[in-house]
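Text of target-v3.cif, listed as mmCIF, C-alpha atoms:
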data_data
loop_
_atom_site.label_atom_id
_atom_site.label_comp_id
_atom_site.auth_asym_id
_atom_site.auth_seq_id
_atom_site.Cartn_x
_atom_site.Cartn_y
_atom_site.Cartn_z
CA PRO J 1 -1.03 8.07 -25.67
CA PHE J 2 -1.93 11.75 -26.09
CA ASP J 3 0.06 12.77 -22.99
CA ILE J 4 3.01 10.64 -24.06
CA ASP J 5 2.94 12.24 -27.51
CA ILE J 6 3.00 15.75 -26.03
CA PHE J 7 5.78 14.81 -23.59
CA SER J 8 7.99 13.24 -26.28
CA SER J 9 7.47 16.10 -28.76
CA GLN J 10 8.19 18.86 -26.22
CA LEU J 11 11.23 17.03 -24.82
CA LEU J 12 12.69 16.48 -28.29
CA ILE J 13 12.18 20.16 -29.13
CA ALA J 14 13.98 21.20 -25.93
CA LEU J 15 16.85 18.78 -26.60
CA SER J 16 17.18 20.06 -30.15
CA TYR J 17 17.45 23.64 -28.85
CA ILE J 18 20.14 22.56 -26.39
CA LEU J 19 22.02 20.85 -29.22
CA ILE J 20 21.85 24.01 -31.33
CA VAL J 21 23.19 26.08 -28.44
CA CYS J 22 26.07 23.63 -27.87
CA ILE J 23 26.97 23.74 -31.58
CA PHE J 24 27.05 27.56 -31.73
CA ILE J 25 28.59 28.00 -28.24
CA PRO J 26 30.70 24.88 -27.45
CA GLN J 27 31.61 26.25 -24.02
CA MET J 28 27.95 25.78 -22.98
CA ILE J 29 28.54 22.01 -22.78
CA VAL J 30 30.37 22.54 -19.50
CA ILE J 31 27.54 24.74 -18.19
CA PHE J 32 24.92 22.10 -19.04
CA ILE J 33 26.97 19.36 -17.35
CA VAL J 34 27.38 21.46 -14.21
CA ILE J 35 23.71 22.40 -14.02
CA SER J 36 22.31 18.92 -14.85
CA PRO J 37 22.42 17.62 -11.20
CA ALA J 38 20.39 20.61 -10.00
CA PHE J 39 17.94 20.12 -12.83
CA TYR J 40 17.58 16.42 -12.00
CA TYR J 41 17.02 17.18 -8.31
CA LEU J 42 14.37 19.78 -9.22
CA ILE J 43 12.44 17.37 -11.45
CA ASP J 44 12.72 14.48 -8.98
CA ALA J 45 11.48 16.56 -6.04
CA TYR J 46 8.63 18.00 -8.08
CA ARG J 47 7.56 14.61 -9.42
CA LYS J 48 7.48 12.89 -6.04
CA SER J 49 5.68 15.74 -4.29
CA TYR J 50 3.14 16.38 -7.03
CA VAL J 51 2.21 12.72 -7.53
CA GLU J 52 1.65 12.15 -3.81
CA LEU J 53 -0.42 15.32 -3.48
CA VAL J 54 -2.60 14.31 -6.42
CA ARG J 55 -3.11 10.90 -4.85
CA LEU J 56 -4.10 12.50 -1.55
CA CYS J 57 -6.48 14.84 -3.38
CA ILE J 58 -8.19 11.84 -4.98
CA PHE J 59 -8.57 10.13 -1.60
CA GLY J 60 -9.67 13.39 0.01
CA LEU J 61 -12.45 14.01 -2.49
CA ASP J 62 -14.26 10.69 -1.92
CA PRO J 63 -15.32 11.45 1.70
CA ILE J 64 -16.87 14.73 0.54
CA THR J 65 -18.99 13.13 -2.16
CA SER J 66 -19.98 10.22 0.09
CA ILE J 67 -21.08 12.40 3.01
CA PHE J 68 -22.96 14.69 0.62
CA SER J 69 -25.04 11.78 -0.67
CA GLU J 70 -25.49 10.38 2.85
CA THR J 71 -26.81 13.67 4.20
CA LEU J 72 -29.25 14.02 1.32
CA ILE J 73 -30.63 10.52 1.86
CA GLY J 74 -30.77 10.72 5.66
CA LEU J 75 -31.74 14.38 6.00
CA SER J 76 -34.94 13.58 7.89
CA SER J 77 -33.05 11.40 10.39
CA ILE J 78 -30.39 14.07 10.90
CA ARG J 79 -33.03 16.66 11.68
CA ALA J 80 -34.94 14.24 13.91
CA TYR J 81 -31.86 13.53 16.05
CA LYS J 82 -30.80 17.22 15.92
CA LEU J 83 -27.38 16.45 14.41
CA ASP J 84 -27.36 19.39 12.00
CA ALA J 85 -24.37 21.08 13.63
CA TYR J 86 -22.39 17.82 13.82
CA PHE J 87 -22.74 17.03 10.11
CA LYS J 88 -22.13 20.65 9.17
CA ASN J 89 -18.83 20.66 11.07
CA LEU J 90 -17.92 17.29 9.58
CA ILE J 91 -18.48 18.53 6.03
CA HIS J 92 -16.53 21.73 6.72
CA ALA J 93 -13.61 19.72 8.12
CA ARG J 94 -13.45 17.44 5.08
CA ILE J 95 -13.73 20.32 2.62
CA SER J 96 -11.02 22.22 4.50
CA ARG J 97 -8.68 19.23 4.36
CA PHE J 98 -9.28 18.81 0.64
CA THR J 99 -8.73 22.50 -0.11
CA ASN J 100 -5.45 22.41 1.82
CA LEU J 101 -4.26 19.51 -0.30
CA TRP J 102 -5.39 21.27 -3.47
CA TYR J 103 -3.59 24.46 -2.43
CA ASN J 104 -0.38 22.54 -1.70
CA ARG J 105 -0.58 20.82 -5.07
CA ASN J 106 -0.81 24.16 -6.89
CA SER J 107 1.97 25.55 -4.70
CA VAL J 108 4.28 22.71 -5.72
CA TYR J 109 3.57 23.44 -9.38
CA LEU J 110 4.36 27.15 -8.92
CA TRP J 111 7.53 26.23 -7.00
CA PHE J 112 8.71 24.05 -9.87
CA ASP J 113 7.88 26.74 -12.43
CA CYS J 114 9.78 29.38 -10.47
CA TYR J 115 12.93 27.34 -9.91
CA LEU J 116 12.96 26.08 -13.48
CA ASP J 117 12.91 29.66 -14.71
CA ILE J 118 15.77 30.47 -12.32
CA LEU J 119 17.88 27.64 -13.74
CA ILE J 120 17.16 28.67 -17.32
CA ASP J 121 17.96 32.30 -16.47
CA PHE J 122 21.28 31.16 -15.02
CA VAL J 123 22.04 29.32 -18.27
CA VAL J 124 21.09 32.39 -20.34
CA ILE J 125 23.32 34.64 -18.21
CA ALA J 126 26.19 32.17 -18.55
CA ALA J 127 25.71 32.02 -22.33
CA THR J 128 25.61 35.82 -22.55
CA ILE J 129 28.83 36.17 -20.54
CA LEU J 130 30.60 33.52 -22.65
CA GLY J 131 29.37 35.17 -25.83
CA PHE J 132 30.73 38.53 -24.69
CA TYR J 133 34.18 37.46 -23.46
CA ALA J 134 34.77 34.83 -26.15
CA ARG J 135 33.33 36.82 -29.04
CA ASP J 136 36.59 36.71 -30.95
CA SER J 137 36.50 32.90 -31.12
CA PHE J 138 33.07 32.81 -32.81
CA THR J 139 32.69 32.98 -36.55
CA SER J 140 29.48 35.00 -36.46
CA PRO J 141 28.08 37.02 -33.51
CA ALA J 142 24.63 36.62 -35.04
CA LEU J 143 24.73 32.86 -34.40
CA VAL J 144 25.59 33.50 -30.76
CA ALA J 145 22.60 35.81 -30.42
CA PHE J 146 20.48 33.18 -32.17
CA ALA J 147 21.59 30.55 -29.61
CA ILE J 148 20.81 32.86 -26.67
CA VAL J 149 17.31 33.46 -28.03
CA TYR J 150 16.78 29.70 -28.25
CA LEU J 151 17.84 29.36 -24.62
CA ASN J 152 14.94 31.59 -23.57
CA ILE J 153 12.49 29.28 -25.38
CA ILE J 154 13.80 26.10 -23.72
CA SER J 155 12.08 26.92 -20.42
CA GLY J 156 8.56 26.71 -21.87
CA HIS J 157 9.16 23.40 -23.66
CA LEU J 158 10.81 21.78 -20.64
CA GLN J 159 8.00 22.95 -18.41
CA VAL J 160 5.31 21.45 -20.67
CA ALA J 161 7.27 18.19 -21.05
CA MET J 162 7.72 17.74 -17.30
CA LEU J 163 4.11 18.67 -16.59
CA GLN J 164 2.86 16.03 -19.02
CA LEU J 165 5.19 13.41 -17.56
CA VAL J 166 4.12 14.09 -13.98
CA TRP J 167 0.45 14.42 -14.96
CA LEU J 168 0.59 11.03 -16.68
CA GLU J 169 2.04 9.42 -13.57
CA SER J 170 -0.43 11.15 -11.26
CA GLU J 171 -3.38 9.87 -13.30
CA PHE J 172 -2.46 6.34 -12.23
CA GLY J 173 -3.88 7.09 -8.78
CA ALA J 174 -7.14 5.44 -9.84
CA VAL J 175 -5.17 2.38 -10.98
CA GLN J 176 -3.49 2.28 -7.58
CA ARG J 177 -6.88 2.19 -5.90
CA LEU J 178 -7.94 -0.72 -8.11
CA LEU J 179 -4.73 -2.61 -7.36
CA TRP J 180 -5.55 -2.28 -3.65
CA TYR J 181 -8.19 -4.97 -4.20
CA HIS J 182 -5.75 -7.34 -5.91
CA PRO J 183 -5.18 -10.60 -4.00
CA SER J 184 -1.42 -10.03 -3.94
CA HIS J 185 -1.87 -7.08 -1.57
CA ASN J 186 -3.70 -9.30 1.00
CA ASN J 187 -6.24 -6.57 1.69
CA ILE J 188 -9.21 -8.78 0.80
CA VAL J 189 -9.42 -12.56 1.16
CA TYR J 190 -10.71 -14.21 -1.99
CA GLU J 191 -12.20 -17.68 -1.85
CA ALA J 192 -12.51 -19.32 -5.24
CA ASN J 193 -11.89 -22.73 -6.71
CA PRO J 194 -8.67 -22.94 -8.74
CA ILE J 195 -8.97 -23.25 -12.48
CA ASN J 196 -8.31 -26.77 -13.69
CA PRO J 197 -6.39 -26.71 -17.01
CA GLU J 198 -7.36 -30.36 -17.62
CA TYR J 199 -11.08 -29.58 -17.55
CA THR J 200 -12.57 -31.13 -20.69
CA LEU J 201 -15.87 -30.87 -22.53
CA GLU J 202 -16.83 -34.42 -21.50
CA GLN J 203 -16.52 -33.48 -17.84
CA GLN J 204 -18.72 -30.44 -18.41
CA GLN J 205 -21.40 -32.56 -20.11
CA GLN J 206 -21.24 -35.08 -17.28
CA GLN J 207 -21.77 -32.33 -14.68
CA GLN J 208 -24.73 -30.99 -16.64
CA GLN J 209 -26.26 -34.47 -16.75
CA GLN J 210 -25.86 -34.80 -12.99
CA ARG J 211 -27.66 -31.47 -12.51
CA ARG J 212 -30.56 -32.67 -14.67
CA GLN J 213 -30.87 -35.81 -12.56
CA LYS J 214 -31.01 -33.72 -9.41
CA HIS J 215 -33.75 -31.59 -10.94
CA GLU J 216 -35.79 -34.66 -11.78
CA LYS J 217 -35.72 -35.84 -8.17
CA TRP J 218 -36.52 -32.40 -6.75
CA PRO J 219 -39.50 -30.19 -7.68
CA TYR J 220 -37.47 -27.73 -9.71
CA TYR J 221 -40.55 -26.00 -11.15
CA GLY J 222 -43.11 -24.79 -8.61
CA HIS J 223 -46.80 -25.71 -8.82
CA ILE J 224 -49.34 -24.65 -6.19
CA LYS J 225 -52.61 -26.60 -5.98
CA ILE J 226 -55.21 -25.77 -3.33
CA THR J 227 -58.31 -27.92 -2.73
CA ASN J 228 -60.99 -27.25 -0.11
CA LEU J 229 -58.91 -24.84 1.94
CA LYS J 230 -60.62 -23.45 5.04
CA LEU J 231 -58.88 -21.35 7.65
CA ARG J 232 -59.94 -19.70 10.87
CA TYR J 233 -57.85 -18.44 13.78
CA ARG J 234 -60.15 -19.61 16.60
CA LYS J 235 -62.77 -22.33 16.80
CA GLN J 236 -65.46 -19.88 17.74
CA PHE J 237 -64.55 -17.51 14.85
CA ASP J 238 -65.81 -17.60 11.29
CA TYR J 239 -63.70 -18.85 8.43
CA VAL J 240 -61.45 -16.17 6.99
CA LEU J 241 -60.63 -18.42 4.01
CA ASP J 242 -62.95 -20.75 2.15
CA ILE J 243 -61.35 -21.78 -1.15
CA ALA J 244 -62.79 -24.63 -3.19
CA SER J 245 -60.05 -25.12 -5.77
CA VAL J 246 -57.03 -23.12 -7.03
CA SER J 247 -54.22 -24.22 -9.35
CA ILE J 248 -51.18 -22.01 -10.04
CA ARG J 249 -48.59 -23.32 -12.49
CA GLY J 250 -44.89 -22.52 -12.29
CA GLY J 251 -43.90 -19.22 -13.85
CA GLU J 252 -47.36 -17.66 -13.63
CA LYS J 253 -47.77 -14.24 -12.07
CA ILE J 254 -50.89 -14.08 -9.89
CA GLY J 255 -52.27 -10.97 -8.25
CA ILE J 256 -54.51 -11.23 -5.17
CA CYS J 257 -56.86 -8.27 -4.73
CA GLY J 258 -59.42 -7.52 -2.08
CA ARG J 259 -60.54 -5.09 0.56
CA THR J 260 -59.19 -5.00 4.09
CA GLY J 261 -59.92 -8.27 5.87
CA ALA J 262 -60.62 -10.21 2.67
CA GLY J 263 -57.96 -12.79 3.52
CA LYS J 264 -54.94 -11.81 1.43
CA SER J 265 -52.48 -12.14 4.30
CA SER J 266 -54.29 -15.17 5.65
CA LEU J 267 -53.70 -16.96 2.35
CA MET J 268 -49.93 -16.52 2.75
CA VAL J 269 -50.22 -17.69 6.37
CA ALA J 270 -51.97 -20.83 5.16
CA LEU J 271 -49.47 -21.49 2.36
CA PHE J 272 -46.52 -21.31 4.75
CA ARG J 273 -48.49 -23.18 7.47
CA LEU J 274 -47.75 -20.44 9.98
CA VAL J 275 -51.11 -20.85 11.64
CA GLU J 276 -50.10 -24.29 12.84
#
Represent the structure contained in this file as C-alpha cells.
Amino acid sequence: PFDIDIFSSQLLIALSYILIVCIFIPQMIVIFIVISPAFYYLIDAYRKSYVELVRLCIFGLDPITSIFSETLIGLSSIRAYKLDAYFKNLIHARISRFTNLWYNRNSVYLWFDCYLDILIDFVVIAATILGFYARDSFTSPALVAFAIVYLNIISGHLQVAMLQLVWLESEFGAVQRLLWYHPSHNNIVYEANPINPEYTLEQQQQQQQQRRQKHEKWPYYGHIKITNLKLRYRKQFDYVLDIASVSIRGGEKIGICGRTGAGKSSLMVALFRLVE
C-alpha cells in the first residue's frame, strides 16, 4: 500500500503538470502525442528488464547463503578431504555471478534515468521553441515561462512514479517462488484426501468412537513389568543382569545410571529380546 500510494501521488502530480503545460501552451498537445510511443517503449523495456534482473538476483543470492552455511558446518570435512580450493572457487564463482546480475540491474536503472531525461529535455526544447515563435499568440509570456519551468520538474516525478511501480512488481519475486510449489504448476505431487463437503458432526463422533474401540483392544498406554530377570551372554559367564522386580508405568521417565559394565545396555538388549 505504501508503494502504491507513492506511485499514485507522483503520477498524479506529473499528469497535473502536463495538463498545466497543455493549457498554457496548447501546441504541446501534439508534442506529447508524438512522444508518447517512445515514452511507452522506454517504460515497457525498463519494466521487463528490471523485473527479470531482480528475480535473477533473488535466485542468485540463495546459493551464496546456502554454501556459506554448508561450509561453516562441514569445515572439518572440507579440510580433511583437502577441498579448500574447490569450495573457494565455487564461492567466488557464485559471488561473481551475483555481482554481475546486481551490476546489470543498476545499469538498467541508470539507462532508464538517462533516456527519460533525454525525452523530457526534448519536450522542454520543443516548448521553448514554440514559446519563442508563437509568442504573439499567447496572452502572457510569463505563463509560458511558468509552463516551461513545470516541464523541468516532470522528469523527477515520472522517475519516482515508474521506480515505485517497477519496484512493487519486482517485490513479487518471493511470491513467484511460493507459487512454484502450488499444485497447479505440477512441480510437486501432492497426495491428500479430498475434502468432503457432506462431512457431518455425527460422522466425526462415529470415527472417534471407532478409534476408542481400537485403543481398548490394543495396549495404547505402555507398561513395563519385569519379574526375576536374569541375563548372561554365555553359559559359562556370570549373570550381567539379575533383577528381582521392576514396574514402570506409562508416561514415567526413568533414568538408568551405573558405571561401565553395570548392565545398562544389556537391559535394553533384554527388553527387545535381542539376545535371543
Quick one: apply the PyMOL selection byres ((chain J and resi 61) around 12) to the file and drop the selected residues here as a ChimeraX atom specification. /J:54-60,62-68,91,94-102
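The interatomic distance for the pair atom CA of J:Lys235 and atom CA of J:Met268 works out to 19.9 Å.
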Residues within 9 Å of stretch 115-123 of chain J, please, as a PyMOL selection string. Count only C-alpha atoms; anything in the same chain fewer than 4 positions from it doesn't count. chain J and resi 28+31-32+35+38-39+42-43+110-111+127-128+151-152+154-156+158-159
Exactly which residues make up the result of the PyMOL selection byres ((chain J and resi 270) around 12) on this file, given as a list in words?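 Output of the PyMOL selection byres ((chain J and resi 270) around 12): Ile226, Leu229, Lys230, Leu231, Arg232, Tyr233, Val240, Leu241, Asp242, Ile243, Gly263, Lys264, Ser265, Ser266, Leu267, Met268, Val269, Leu271, Phe272, Arg273, Leu274, Val275 and Glu276 of chain J.
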Expansion of the PyMOL selection byres ((chain J and resi 161-167) around 6) into residues, as number ranges by chain: J: 3, 7, 10-11, 47, 158-160, 168-170
Working from the structure I just supplied, which lacks atoms in stretch 235-257 of chain J, can you model N, CA and C atoms there and output them as a PDB file, in the coordinates of the input?
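Result file is out-v3.pdb:
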ATOM      1  N   LYS J 235     -61.649 -21.447  17.094  1.00  0.00           N
ATOM      2  CA  LYS J 235     -62.770 -22.330  16.800  1.00  0.00           C
ATOM      3  C   LYS J 235     -64.104 -21.600  16.807  1.00  0.00           C
ATOM      4  N   GLN J 236     -64.196 -20.579  17.656  1.00  0.00           N
ATOM      5  CA  GLN J 236     -65.460 -19.880  17.740  1.00  0.00           C
ATOM      6  C   GLN J 236     -65.592 -18.779  16.672  1.00  0.00           C
ATOM      7  N   PHE J 237     -64.499 -18.549  15.875  1.00  0.00           N
ATOM      8  CA  PHE J 237     -64.550 -17.510  14.850  1.00  0.00           C
ATOM      9  C   PHE J 237     -65.032 -18.091  13.532  1.00  0.00           C
ATOM     10  N   ASP J 238     -65.436 -17.188  12.643  1.00  0.00           N
ATOM     11  CA  ASP J 238     -65.810 -17.600  11.290  1.00  0.00           C
ATOM     12  C   ASP J 238     -64.575 -17.878  10.452  1.00  0.00           C
ATOM     13  N   TYR J 239     -64.809 -18.559   9.338  1.00  0.00           N
ATOM     14  CA  TYR J 239     -63.700 -18.850   8.430  1.00  0.00           C
ATOM     15  C   TYR J 239     -63.270 -17.567   7.706  1.00  0.00           C
ATOM     16  N   VAL J 240     -61.971 -17.311   7.749  1.00  0.00           N
ATOM     17  CA  VAL J 240     -61.450 -16.170   6.990  1.00  0.00           C
ATOM     18  C   VAL J 240     -61.089 -16.583   5.570  1.00  0.00           C
ATOM     19  N   LEU J 241     -60.909 -17.894   5.347  1.00  0.00           N
ATOM     20  CA  LEU J 241     -60.630 -18.420   4.010  1.00  0.00           C
ATOM     21  C   LEU J 241     -61.560 -19.607   3.762  1.00  0.00           C
ATOM     22  N   ASP J 242     -62.116 -19.627   2.567  1.00  0.00           N
ATOM     23  CA  ASP J 242     -62.950 -20.750   2.150  1.00  0.00           C
ATOM     24  C   ASP J 242     -62.790 -20.900   0.637  1.00  0.00           C
ATOM     25  N   ILE J 243     -61.735 -21.643   0.251  1.00  0.00           N
ATOM     26  CA  ILE J 243     -61.350 -21.780  -1.150  1.00  0.00           C
ATOM     27  C   ILE J 243     -61.667 -23.198  -1.602  1.00  0.00           C
ATOM     28  N   ALA J 244     -62.416 -23.309  -2.671  1.00  0.00           N
ATOM     29  CA  ALA J 244     -62.790 -24.630  -3.190  1.00  0.00           C
ATOM     30  C   ALA J 244     -61.641 -25.254  -3.966  1.00  0.00           C
ATOM     31  N   SER J 245     -61.112 -24.534  -4.947  1.00  0.00           N
ATOM     32  CA  SER J 245     -60.050 -25.120  -5.770  1.00  0.00           C
ATOM     33  C   SER J 245     -59.264 -23.995  -6.453  1.00  0.00           C
ATOM     34  N   VAL J 246     -57.934 -24.071  -6.375  1.00  0.00           N
ATOM     35  CA  VAL J 246     -57.030 -23.120  -7.030  1.00  0.00           C
ATOM     36  C   VAL J 246     -55.831 -23.896  -7.544  1.00  0.00           C
ATOM     37  N   SER J 247     -55.400 -23.581  -8.768  1.00  0.00           N
ATOM     38  CA  SER J 247     -54.220 -24.220  -9.350  1.00  0.00           C
ATOM     39  C   SER J 247     -53.357 -23.138 -10.001  1.00  0.00           C
ATOM     40  N   ILE J 248     -52.128 -23.017  -9.536  1.00  0.00           N
ATOM     41  CA  ILE J 248     -51.180 -22.010 -10.040  1.00  0.00           C
ATOM     42  C   ILE J 248     -49.962 -22.753 -10.567  1.00  0.00           C
ATOM     43  N   ARG J 249     -49.737 -22.638 -11.866  1.00  0.00           N
ATOM     44  CA  ARG J 249     -48.590 -23.320 -12.490  1.00  0.00           C
ATOM     45  C   ARG J 249     -47.313 -22.517 -12.299  1.00  0.00           C
ATOM     46  N   GLY J 250     -46.183 -23.174 -12.449  1.00  0.00           N
ATOM     47  CA  GLY J 250     -44.890 -22.520 -12.290  1.00  0.00           C
ATOM     48  C   GLY J 250     -44.654 -21.462 -13.353  1.00  0.00           C
ATOM     49  N   GLY J 251     -44.182 -20.312 -12.929  1.00  0.00           N
ATOM     50  CA  GLY J 251     -43.900 -19.220 -13.850  1.00  0.00           C
ATOM     51  C   GLY J 251     -45.032 -18.233 -14.008  1.00  0.00           C
ATOM     52  N   GLU J 252     -46.227 -18.579 -13.520  1.00  0.00           N
ATOM     53  CA  GLU J 252     -47.360 -17.660 -13.630  1.00  0.00           C
ATOM     54  C   GLU J 252     -47.248 -16.546 -12.587  1.00  0.00           C
ATOM     55  N   LYS J 253     -47.736 -15.387 -12.965  1.00  0.00           N
ATOM     56  CA  LYS J 253     -47.770 -14.240 -12.070  1.00  0.00           C
ATOM     57  C   LYS J 253     -49.226 -13.991 -11.677  1.00  0.00           C
ATOM     58  N   ILE J 254     -49.521 -14.170 -10.407  1.00  0.00           N
ATOM     59  CA  ILE J 254     -50.890 -14.080  -9.890  1.00  0.00           C
ATOM     60  C   ILE J 254     -50.982 -12.892  -8.955  1.00  0.00           C
ATOM     61  N   GLY J 255     -52.009 -12.082  -9.140  1.00  0.00           N
ATOM     62  CA  GLY J 255     -52.270 -10.970  -8.250  1.00  0.00           C
ATOM     63  C   GLY J 255     -53.508 -11.237  -7.404  1.00  0.00           C
ATOM     64  N   ILE J 256     -53.405 -11.008  -6.108  1.00  0.00           N
ATOM     65  CA  ILE J 256     -54.510 -11.230  -5.170  1.00  0.00           C
ATOM     66  C   ILE J 256     -55.023  -9.862  -4.728  1.00  0.00           C
ATOM     67  N   CYS J 257     -56.260  -9.568  -5.037  1.00  0.00           N
ATOM     68  CA  CYS J 257     -56.860  -8.270  -4.730  1.00  0.00           C
ATOM     69  C   CYS J 257     -58.022  -8.471  -3.765  1.00  0.00           C
TER      70      CYS J 257
END
